[in-house]
Amino acid sequence: MDNSSLLCLVIYSLLACCGIMVLVWLWAHQIKNAGVVDIFWSYNFPVIAIILFFLAPGYHDRKVLICAMVIIAGVRLGTHLATRITRHLDEEEGRYQQLRKEWAPNAEKKFFFFFQFQAISNVLLAIPFFISCLNTKTVLSPLEYAGFILWFISVTGETIADRQLATFKSNPANKGKICQIGLWNYSRHPNYFFEWLMWVSYFVFALGSPWGILAIISPAIILYLLLKVTGIPATEEQSLRSKGEAFKEYQASTSVFVPWFKKR
């Protein structure tokens with residue numbers, strides 16, 4: 001691995017992501033809605049992919065494949081989030097309202113550092129992309145093809161889960177109810193599961209390159225965040241506050257993460 005090339009790519013990516021998050025924080029501060037950070041956390045990965053495509057010294061076809069995967073997934077998720085969040089810019093999501101309360105009276109200052117941490121996490125999680133785009137080997141390995149197949153399955157699954165939830169919420173008759181249609185009948189968070197599976201696919205893809213084993217860091221971090229920090233715990237706390245006993249029943253009967261059959 002070319003250490004000097006890697007260092008330059010990391011620095012360029014950090015500068016780009018941190019710069020974007022400064023602008024996003026200024027916007028969030030103006031509209032009093034920190035939830036917009038989620039949109040640009042997703043969009044930052046395509047930004048990194050573009051930097052790598054044009055500047056990394058790796059094999060062109062490999063860069064085309066991995067960067068296309070990252071751009072498609074990042075733009076899809078970011079646009080999905082943008083569609084949802086911009087519909088109620090004047091109403092901050094519950095988990096960010098809770099952080100604002102906990103961080104008062106210095107919430108805006110703490111949100112600035114929170115946004116910068118998101119930018120740093122973008123670059124840290126991009127380890128599989130850096131590894132793959134620095135690989136100059138001119139033949140794609142079976143692991144890279146396997147990673148692409150797994151990526152396609154995960155992005156398709158996440159898209160289906162997001163659309164099923166959006167369709168459910170778009171029906172006024174479902175206001176205050178719990179979505180249990182399609183994939184949501186088998187997992188309380190199928191979107192999170194397929195998001196994690198997508199990061200596993202990037203790890204598998206990176207295994208086709210030298211030092212690819214280091215890419216395990218990305219799905220490991222995502223899994224920890226989803227299960228223990230900002231993903232499932234925060235989402236379920238908000239659901240318990242808003243839906244009460246009905247959500248407790250859903251918790252008792254439905255797998256929390258991996259789609260599986262209902263408990264009797």
# chains A, B, ... in the order shown; residues from 1 in each chain; ligands from 1
>>> residues_around(residues="segment 91-95 of chain A", least_positions_apart="3", cutoff="12 Å", atoms="only C-alpha atoms", output="VMD selection string")
chain A and resid 28 to 29 31 to 38 81 84 to 88 98 to 102 229 to 242
>>> write_last_selection(atoms="N, CA, C and O atoms", output="short mmCIF file (atom, residue, chain, number, x, y, z; two decimals), in the first residue's frame")
data_model
loop_
_atom_site.label_atom_id
_atom_site.label_comp_id
_atom_site.auth_asym_id
_atom_site.auth_seq_id
_atom_site.Cartn_x
_atom_site.Cartn_y
_atom_site.Cartn_z
N ALA A 28 -28.18 24.05 10.00
CA ALA A 28 -28.94 23.45 11.09
C ALA A 28 -29.15 24.46 12.23
O ALA A 28 -30.22 24.50 12.85
N HIS A 29 -28.12 25.25 12.51
CA HIS A 29 -28.21 26.28 13.54
C HIS A 29 -29.27 27.32 13.17
O HIS A 29 -30.05 27.77 14.03
N ILE A 31 -31.96 26.92 11.17
CA ILE A 31 -33.33 26.38 11.15
C ILE A 31 -33.69 25.63 12.43
O ILE A 31 -34.82 25.14 12.57
N LYS A 32 -32.72 25.50 13.35
CA LYS A 32 -32.93 24.79 14.61
C LYS A 32 -33.38 23.34 14.39
O LYS A 32 -34.30 22.85 15.03
N ASN A 33 -32.71 22.67 13.46
CA ASN A 33 -33.03 21.28 13.17
C ASN A 33 -31.74 20.53 12.87
O ASN A 33 -31.23 20.58 11.75
N ALA A 34 -31.21 19.82 13.88
CA ALA A 34 -29.96 19.09 13.71
C ALA A 34 -30.13 17.82 12.90
O ALA A 34 -29.13 17.20 12.49
N GLY A 35 -31.36 17.43 12.62
CA GLY A 35 -31.61 16.20 11.88
C GLY A 35 -31.05 16.20 10.47
O GLY A 35 -30.85 15.13 9.88
N VAL A 36 -30.77 17.39 9.93
CA VAL A 36 -30.24 17.45 8.56
C VAL A 36 -28.84 16.83 8.46
O VAL A 36 -28.37 16.53 7.37
N VAL A 37 -28.19 16.63 9.59
CA VAL A 37 -26.86 16.01 9.57
C VAL A 37 -26.93 14.60 8.97
O VAL A 37 -25.98 14.15 8.31
N ASP A 38 -28.05 13.91 9.17
CA ASP A 38 -28.19 12.55 8.65
C ASP A 38 -28.12 12.53 7.12
O ASP A 38 -27.56 11.60 6.53
N LEU A 81 -33.53 10.18 2.96
CA LEU A 81 -33.56 10.94 4.21
C LEU A 81 -33.95 12.40 3.96
O LEU A 81 -34.70 12.99 4.74
N ARG A 84 -37.64 12.73 3.52
CA ARG A 84 -38.36 12.60 4.79
C ARG A 84 -38.15 13.81 5.69
O ARG A 84 -39.11 14.34 6.25
N ILE A 85 -36.92 14.26 5.82
CA ILE A 85 -36.60 15.32 6.78
C ILE A 85 -37.07 16.69 6.32
O ILE A 85 -37.57 17.48 7.12
N THR A 86 -36.94 16.97 5.02
CA THR A 86 -37.32 18.31 4.54
C THR A 86 -38.83 18.54 4.54
O THR A 86 -39.28 19.67 4.38
N ARG A 87 -39.58 17.47 4.73
CA ARG A 87 -41.04 17.64 4.83
C ARG A 87 -41.44 18.31 6.13
O ARG A 87 -42.54 18.84 6.25
N HIS A 88 -40.56 18.24 7.13
CA HIS A 88 -40.89 18.87 8.43
C HIS A 88 -39.63 19.54 8.99
O HIS A 88 -39.23 19.25 10.13
N GLN A 98 -34.19 15.41 22.02
CA GLN A 98 -33.71 14.90 23.29
C GLN A 98 -32.26 15.31 23.55
O GLN A 98 -31.91 15.73 24.65
N LEU A 99 -31.42 15.23 22.51
CA LEU A 99 -30.04 15.68 22.65
C LEU A 99 -29.97 17.18 22.96
O LEU A 99 -29.17 17.62 23.78
N ARG A 100 -30.83 17.94 22.32
CA ARG A 100 -30.85 19.39 22.55
C ARG A 100 -31.19 19.69 24.00
O ARG A 100 -30.61 20.62 24.60
N LYS A 101 -32.10 18.91 24.57
CA LYS A 101 -32.46 19.10 25.98
C LYS A 101 -31.29 18.71 26.89
O LYS A 101 -30.97 19.40 27.85
N GLU A 102 -30.68 17.56 26.58
CA GLU A 102 -29.59 17.06 27.42
C GLU A 102 -28.36 17.96 27.35
O GLU A 102 -27.61 18.07 28.33
N VAL A 229 -25.68 2.45 20.17
CA VAL A 229 -25.52 3.90 20.33
C VAL A 229 -26.65 4.68 19.65
O VAL A 229 -27.71 4.85 20.22
N THR A 230 -26.41 5.14 18.42
CA THR A 230 -27.33 6.09 17.80
C THR A 230 -28.43 5.45 16.97
O THR A 230 -29.34 6.14 16.50
N GLY A 231 -28.36 4.15 16.73
CA GLY A 231 -29.35 3.51 15.88
C GLY A 231 -30.57 3.02 16.61
O GLY A 231 -31.50 3.77 16.92
N ILE A 232 -30.56 1.74 16.94
CA ILE A 232 -31.72 1.10 17.54
C ILE A 232 -32.09 1.67 18.92
O ILE A 232 -33.27 1.94 19.17
N PRO A 233 -31.14 1.87 19.85
CA PRO A 233 -31.54 2.39 21.17
C PRO A 233 -32.29 3.72 21.09
O PRO A 233 -33.36 3.87 21.71
N ALA A 234 -31.76 4.68 20.32
CA ALA A 234 -32.41 5.99 20.23
C ALA A 234 -33.76 5.90 19.54
O ALA A 234 -34.74 6.52 19.96
N THR A 235 -33.84 5.09 18.49
CA THR A 235 -35.09 4.94 17.75
C THR A 235 -36.16 4.28 18.61
O THR A 235 -37.32 4.70 18.61
N GLU A 236 -35.77 3.25 19.36
CA GLU A 236 -36.75 2.54 20.17
C GLU A 236 -37.18 3.36 21.38
O GLU A 236 -38.35 3.29 21.80
N GLU A 237 -36.28 4.13 21.95
CA GLU A 237 -36.67 5.02 23.05
C GLU A 237 -37.73 6.01 22.59
O GLU A 237 -38.71 6.27 23.30
N GLN A 238 -37.53 6.57 21.38
CA GLN A 238 -38.50 7.50 20.84
C GLN A 238 -39.83 6.80 20.55
O GLN A 238 -40.91 7.35 20.82
N SER A 239 -39.78 5.57 20.04
CA SER A 239 -41.00 4.82 19.75
C SER A 239 -41.76 4.48 21.02
O SER A 239 -42.99 4.51 21.05
N LEU A 240 -41.02 4.16 22.08
CA LEU A 240 -41.67 3.88 23.37
C LEU A 240 -42.34 5.13 23.93
O LEU A 240 -43.43 5.05 24.52
N ARG A 241 -41.71 6.28 23.74
CA ARG A 241 -42.31 7.53 24.21
C ARG A 241 -43.58 7.87 23.42
O ARG A 241 -44.55 8.37 23.99
N SER A 242 -43.56 7.58 22.13
CA SER A 242 -44.68 7.99 21.28
C SER A 242 -45.78 6.94 21.14
O SER A 242 -46.94 7.28 20.93
#
>>> select_by_dssp(residues="segment 26-199 of chain A", states="alpha helix (DSSP H)", output="ChimeraX atom specification")
/A:26-31,37-55,60-85,94-103,107-125,127-133,142-170,190-199
>>> residues_around(residues="segment 243-259 of chain A", least_positions_apart="5", cutoff="7 Å", atoms="only C-alpha atoms", output="list in words")
Gly176, Tyr186, Ser187, Arg188, His189, Pro190, Phe193 and Arg264 of chain A
>>> closest_residue(among="A:Leu124, A:Ile153, A:Val24, A:Ile39", to="Thr79 of chain A", atoms="only C-alpha atoms")
A:Ile39
>>> closest_residue(among="A:Lys110, A:Arg76, A:Lys137, A:Lys228", to="Val155 of chain A", atoms="only C-alpha atoms")
A:Arg76
>>> closest_residue(among="A:Lys175, A:Gln164, A:Gln116, A:Trp199", to="Leu14 of chain A", atoms="only C-alpha atoms")
A:Gln116
>>> closest_residue(among="A:Asn185, A:Thr156, A:Gln97, A:Ser209", to="Ile72 of chain A", atoms="only C-alpha atoms")
A:Thr156
>>> atom_distance(atom1="atom CA of Thr167 of chain A", atom2="atom CA of Ile181 of chain A")
9.9 Å
>>> residues_around(residues="Ile66 of chain A", least_positions_apart="6", cutoff="12 Å", atoms="only C-alpha atoms", output="PyMOL selection string")
chain A and resi 45-46+48-50+52-53+58-60+72-73+126+128-135+140+144-145+147-149+151-152+201-206+208
